[in-house]
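Working notes, beginning with the structure itself.
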Amino acid sequence: MRLVLIGLAAGFFGALFGVGGGIIMVPLLILTAAYTERPAMATSLAAIGLIAAEGAIFFGVRGDVEPGYAALVGIPATVGVLAGTSLQQRLATRTLSLAFSVLLAAIAVRLLV
Amino acid sequence: METILLAVSLGFVAGVFAGLFGVGGGILFVPTLVLALGLDQLHAQATSLLAMLPVVAVGTWRQRRYGHIRMRPALVLGIAGAAGVVAGGFLAESLPEGALERLFGLLLLAVAAQLAWRALHPRPTTP
């Protein structure tokens with residue numbers, strides 16, 4: 001039941017913001033469903049696949065999806081995810097987390113101001 | 001040409017981010033599509049969901065090899081997510097463009113804060 005609620009929230013967030021919902025699924029699995037970090041991340045990633053597919057269909061039938069642009073960022077990202085998953089197995093990601101945090105904050109400022 | 005290079009580089013960074021944190025990379029796809037490629041916010045968000053699919057497929061395959069995925073819970077999450085997707089999708093469509101972009105900016109700030117907090121307060125990661 002808890003998982004159903006987490007899935008609903010993730011789907012809502014995912015479609016509202018064009019993300020997969022992992023941003024809220026990972027912490028919710030850890031905080032409310034007694035998952036440790038790595039199983040939470042891995043399980044959330046598999047669920048994101050379904051949510052992103054559902055979202056792509058929802059917006060795709062409305063003509064809002066641009067497949068060429070999706071390939072332009074999605075294909076290099078598919079290479080990047082191989083690097084990311086092997087890094088995750090190997091090192092403490094503290095520095096990288098902080099670096100990403102700064103990057104996201106900078107983009108947020110660029111979007112908001 | 002420069003915008004394409006920028007988009008490709010940011011796409012790669014989004015993938016590394018996705019692999020590291022078990023997310024789909026949308027949080028970086030959306031601003032890349034808006035700021036580098038000039039899509040409007042709604043089209044960027046819709047396109048991000050499609051761009052995520054190969055990333056998540058490869059990420060899931062890699063994680064499976066490491067044995068961290070719990071498949072049944074993942075299916076429950078993903079199937080329950082469909083109802084949320086429809087609600088969130090209609091809301092995204094009905095919001096004015098500027099409001100959606102601002103909300104996304106706030107989401108980015110929240111994620112940045114969450115990342116910084118997790119980095120500074122590490123929790124045990126043994127499965």
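Ligands are numbered from 1 in the order shown, residues from 1 within each chain, and chains are lettered A, B, ... in the order they appear in the structure tokens.
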
Review point. Within 6 Å of chain A, which residues of chain B show up when using only C-alpha atoms, listed as a PyMOL selection string?
Key: chain B and resi 8+11-12+14-16+19-20+22-24+26-27+43+45-51+55-56+60+63+68-70+74+77-78+80-81+84-85+88-89+92+102+105+108-109+112+115-116+119+125+127

Atoms to include: N, CA and C atoms. Write the selected residues as a short mmCIF file (atom, residue, chain, number, x, y, z; two decimals), in the first residue's frame.
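Result file is result-v3.cif:
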```
data_model
loop_
_atom_site.label_atom_id
_atom_site.label_comp_id
_atom_site.auth_asym_id
_atom_site.auth_seq_id
_atom_site.Cartn_x
_atom_site.Cartn_y
_atom_site.Cartn_z
N VAL B 8 24.99 17.92 -26.17
CA VAL B 8 25.55 16.57 -26.07
C VAL B 8 26.34 16.42 -24.77
N GLY B 11 24.00 16.30 -21.91
CA GLY B 11 23.34 15.00 -21.95
C GLY B 11 24.21 13.94 -21.29
N PHE B 12 25.51 13.96 -21.61
CA PHE B 12 26.44 13.01 -21.01
C PHE B 12 26.48 13.19 -19.49
N ALA B 14 24.18 14.44 -17.63
CA ALA B 14 22.90 13.98 -17.09
C ALA B 14 22.92 12.47 -16.89
N GLY B 15 23.56 11.75 -17.83
CA GLY B 15 23.65 10.30 -17.72
C GLY B 15 24.50 9.87 -16.53
N VAL B 16 25.65 10.55 -16.35
CA VAL B 16 26.51 10.24 -15.20
C VAL B 16 25.71 10.47 -13.91
N GLY B 19 23.19 7.69 -13.38
CA GLY B 19 23.80 6.45 -12.93
C GLY B 19 24.23 6.52 -11.48
N LEU B 20 24.74 7.68 -11.09
CA LEU B 20 25.24 7.84 -9.72
C LEU B 20 24.12 7.84 -8.70
N GLY B 22 20.71 7.02 -9.26
CA GLY B 22 19.54 6.18 -9.46
C GLY B 22 18.32 6.97 -9.90
N VAL B 23 18.53 8.02 -10.68
CA VAL B 23 17.41 8.78 -11.22
C VAL B 23 17.49 8.69 -12.74
N GLY B 24 16.56 9.36 -13.43
CA GLY B 24 16.50 9.22 -14.88
C GLY B 24 17.29 10.28 -15.64
N GLY B 26 16.26 13.44 -15.89
CA GLY B 26 15.35 14.47 -16.35
C GLY B 26 15.63 15.84 -15.76
N ILE B 27 16.11 15.84 -14.53
CA ILE B 27 16.38 17.10 -13.84
C ILE B 27 17.42 17.93 -14.62
N HIS B 43 7.28 21.42 -23.73
CA HIS B 43 7.87 20.51 -24.72
C HIS B 43 9.17 19.90 -24.20
N GLN B 45 9.86 19.26 -21.07
CA GLN B 45 9.52 18.24 -20.08
C GLN B 45 9.02 16.96 -20.75
N ALA B 46 8.17 17.13 -21.78
CA ALA B 46 7.64 15.96 -22.47
C ALA B 46 8.77 15.21 -23.17
N THR B 47 9.69 15.96 -23.79
CA THR B 47 10.81 15.35 -24.51
C THR B 47 11.77 14.66 -23.56
N SER B 48 11.97 15.26 -22.39
CA SER B 48 12.83 14.66 -21.37
C SER B 48 12.38 13.25 -20.99
N LEU B 49 11.08 13.04 -20.92
CA LEU B 49 10.56 11.72 -20.54
C LEU B 49 10.95 10.67 -21.57
N LEU B 50 10.93 11.05 -22.86
CA LEU B 50 11.33 10.11 -23.90
C LEU B 50 12.85 9.88 -23.86
N ALA B 51 13.62 10.97 -23.67
CA ALA B 51 15.08 10.88 -23.65
C ALA B 51 15.56 9.96 -22.53
N VAL B 55 18.32 5.66 -21.18
CA VAL B 55 19.19 5.85 -20.01
C VAL B 55 18.76 4.90 -18.89
N VAL B 56 17.45 4.87 -18.64
CA VAL B 56 16.93 4.04 -17.56
C VAL B 56 17.08 2.56 -17.90
N THR B 60 19.16 0.31 -15.47
CA THR B 60 18.50 -0.82 -14.80
C THR B 60 19.24 -2.11 -15.07
N GLN B 63 22.32 -2.15 -12.91
CA GLN B 63 22.01 -2.37 -11.51
C GLN B 63 21.59 -3.82 -11.26
N HIS B 68 20.87 -5.20 -6.96
CA HIS B 68 20.22 -4.34 -5.97
C HIS B 68 18.72 -4.16 -6.20
N ILE B 69 18.24 -4.50 -7.41
CA ILE B 69 16.85 -4.17 -7.73
C ILE B 69 15.87 -5.14 -7.09
N ARG B 70 14.79 -4.60 -6.50
CA ARG B 70 13.68 -5.46 -6.06
C ARG B 70 12.58 -5.31 -7.10
N ALA B 74 9.31 -2.61 -7.70
CA ALA B 74 9.51 -1.68 -8.82
C ALA B 74 8.29 -1.68 -9.73
N LEU B 77 5.41 0.18 -7.98
CA LEU B 77 5.65 1.63 -8.07
C LEU B 77 5.32 2.15 -9.46
N GLY B 78 5.81 1.45 -10.47
CA GLY B 78 5.66 1.92 -11.85
C GLY B 78 4.22 1.87 -12.33
N ALA B 80 1.43 1.81 -10.31
CA ALA B 80 0.66 2.81 -9.54
C ALA B 80 0.97 4.21 -10.08
N GLY B 81 2.17 4.40 -10.59
CA GLY B 81 2.57 5.70 -11.11
C GLY B 81 1.71 6.19 -12.25
N GLY B 84 -0.83 8.75 -11.33
CA GLY B 84 -0.16 10.00 -11.01
C GLY B 84 0.30 10.73 -12.26
N VAL B 85 0.77 9.96 -13.25
CA VAL B 85 1.23 10.56 -14.51
C VAL B 85 0.10 11.32 -15.18
N GLY B 88 -0.58 14.51 -13.09
CA GLY B 88 0.51 15.47 -13.25
C GLY B 88 0.59 16.03 -14.66
N GLY B 89 0.31 15.18 -15.64
CA GLY B 89 0.35 15.61 -17.04
C GLY B 89 -0.70 16.67 -17.33
N ALA B 92 0.39 19.91 -15.66
CA ALA B 92 1.47 20.57 -16.40
C ALA B 92 0.92 21.30 -17.61
N ARG B 102 9.02 28.39 -13.44
CA ARG B 102 9.38 28.80 -12.09
C ARG B 102 9.30 27.63 -11.11
N GLY B 105 12.24 25.54 -11.56
CA GLY B 105 13.40 26.17 -10.93
C GLY B 105 13.44 25.89 -9.43
N LEU B 108 14.52 22.36 -8.83
CA LEU B 108 15.98 22.26 -8.96
C LEU B 108 16.68 22.69 -7.67
N LEU B 109 16.23 23.80 -7.11
CA LEU B 109 16.83 24.28 -5.86
C LEU B 109 16.66 23.24 -4.75
N ALA B 112 19.01 20.40 -5.35
CA ALA B 112 20.38 20.83 -5.03
C ALA B 112 20.60 20.78 -3.51
N LEU B 115 20.78 17.13 -2.32
CA LEU B 115 22.07 16.53 -2.66
C LEU B 115 23.16 16.99 -1.70
N ALA B 116 23.18 18.29 -1.45
CA ALA B 116 24.20 18.85 -0.56
C ALA B 116 24.04 18.25 0.83
N ALA B 119 25.24 14.71 0.93
CA ALA B 119 26.70 14.62 0.85
C ALA B 119 27.33 14.96 2.19
N THR B 125 25.69 2.78 3.60
CA THR B 125 25.16 2.37 2.29
C THR B 125 25.18 0.86 2.11
N PRO B 127 23.84 -2.70 1.73
CA PRO B 127 22.48 -3.12 1.34
C PRO B 127 21.84 -4.03 2.39
#
```

Point to revise | Expected answer as a PyMOL selection string: helix (DSSP H, G or I) residues in range 8-64 of chain A | key: chain A and resi 8-17+22-32+37-60
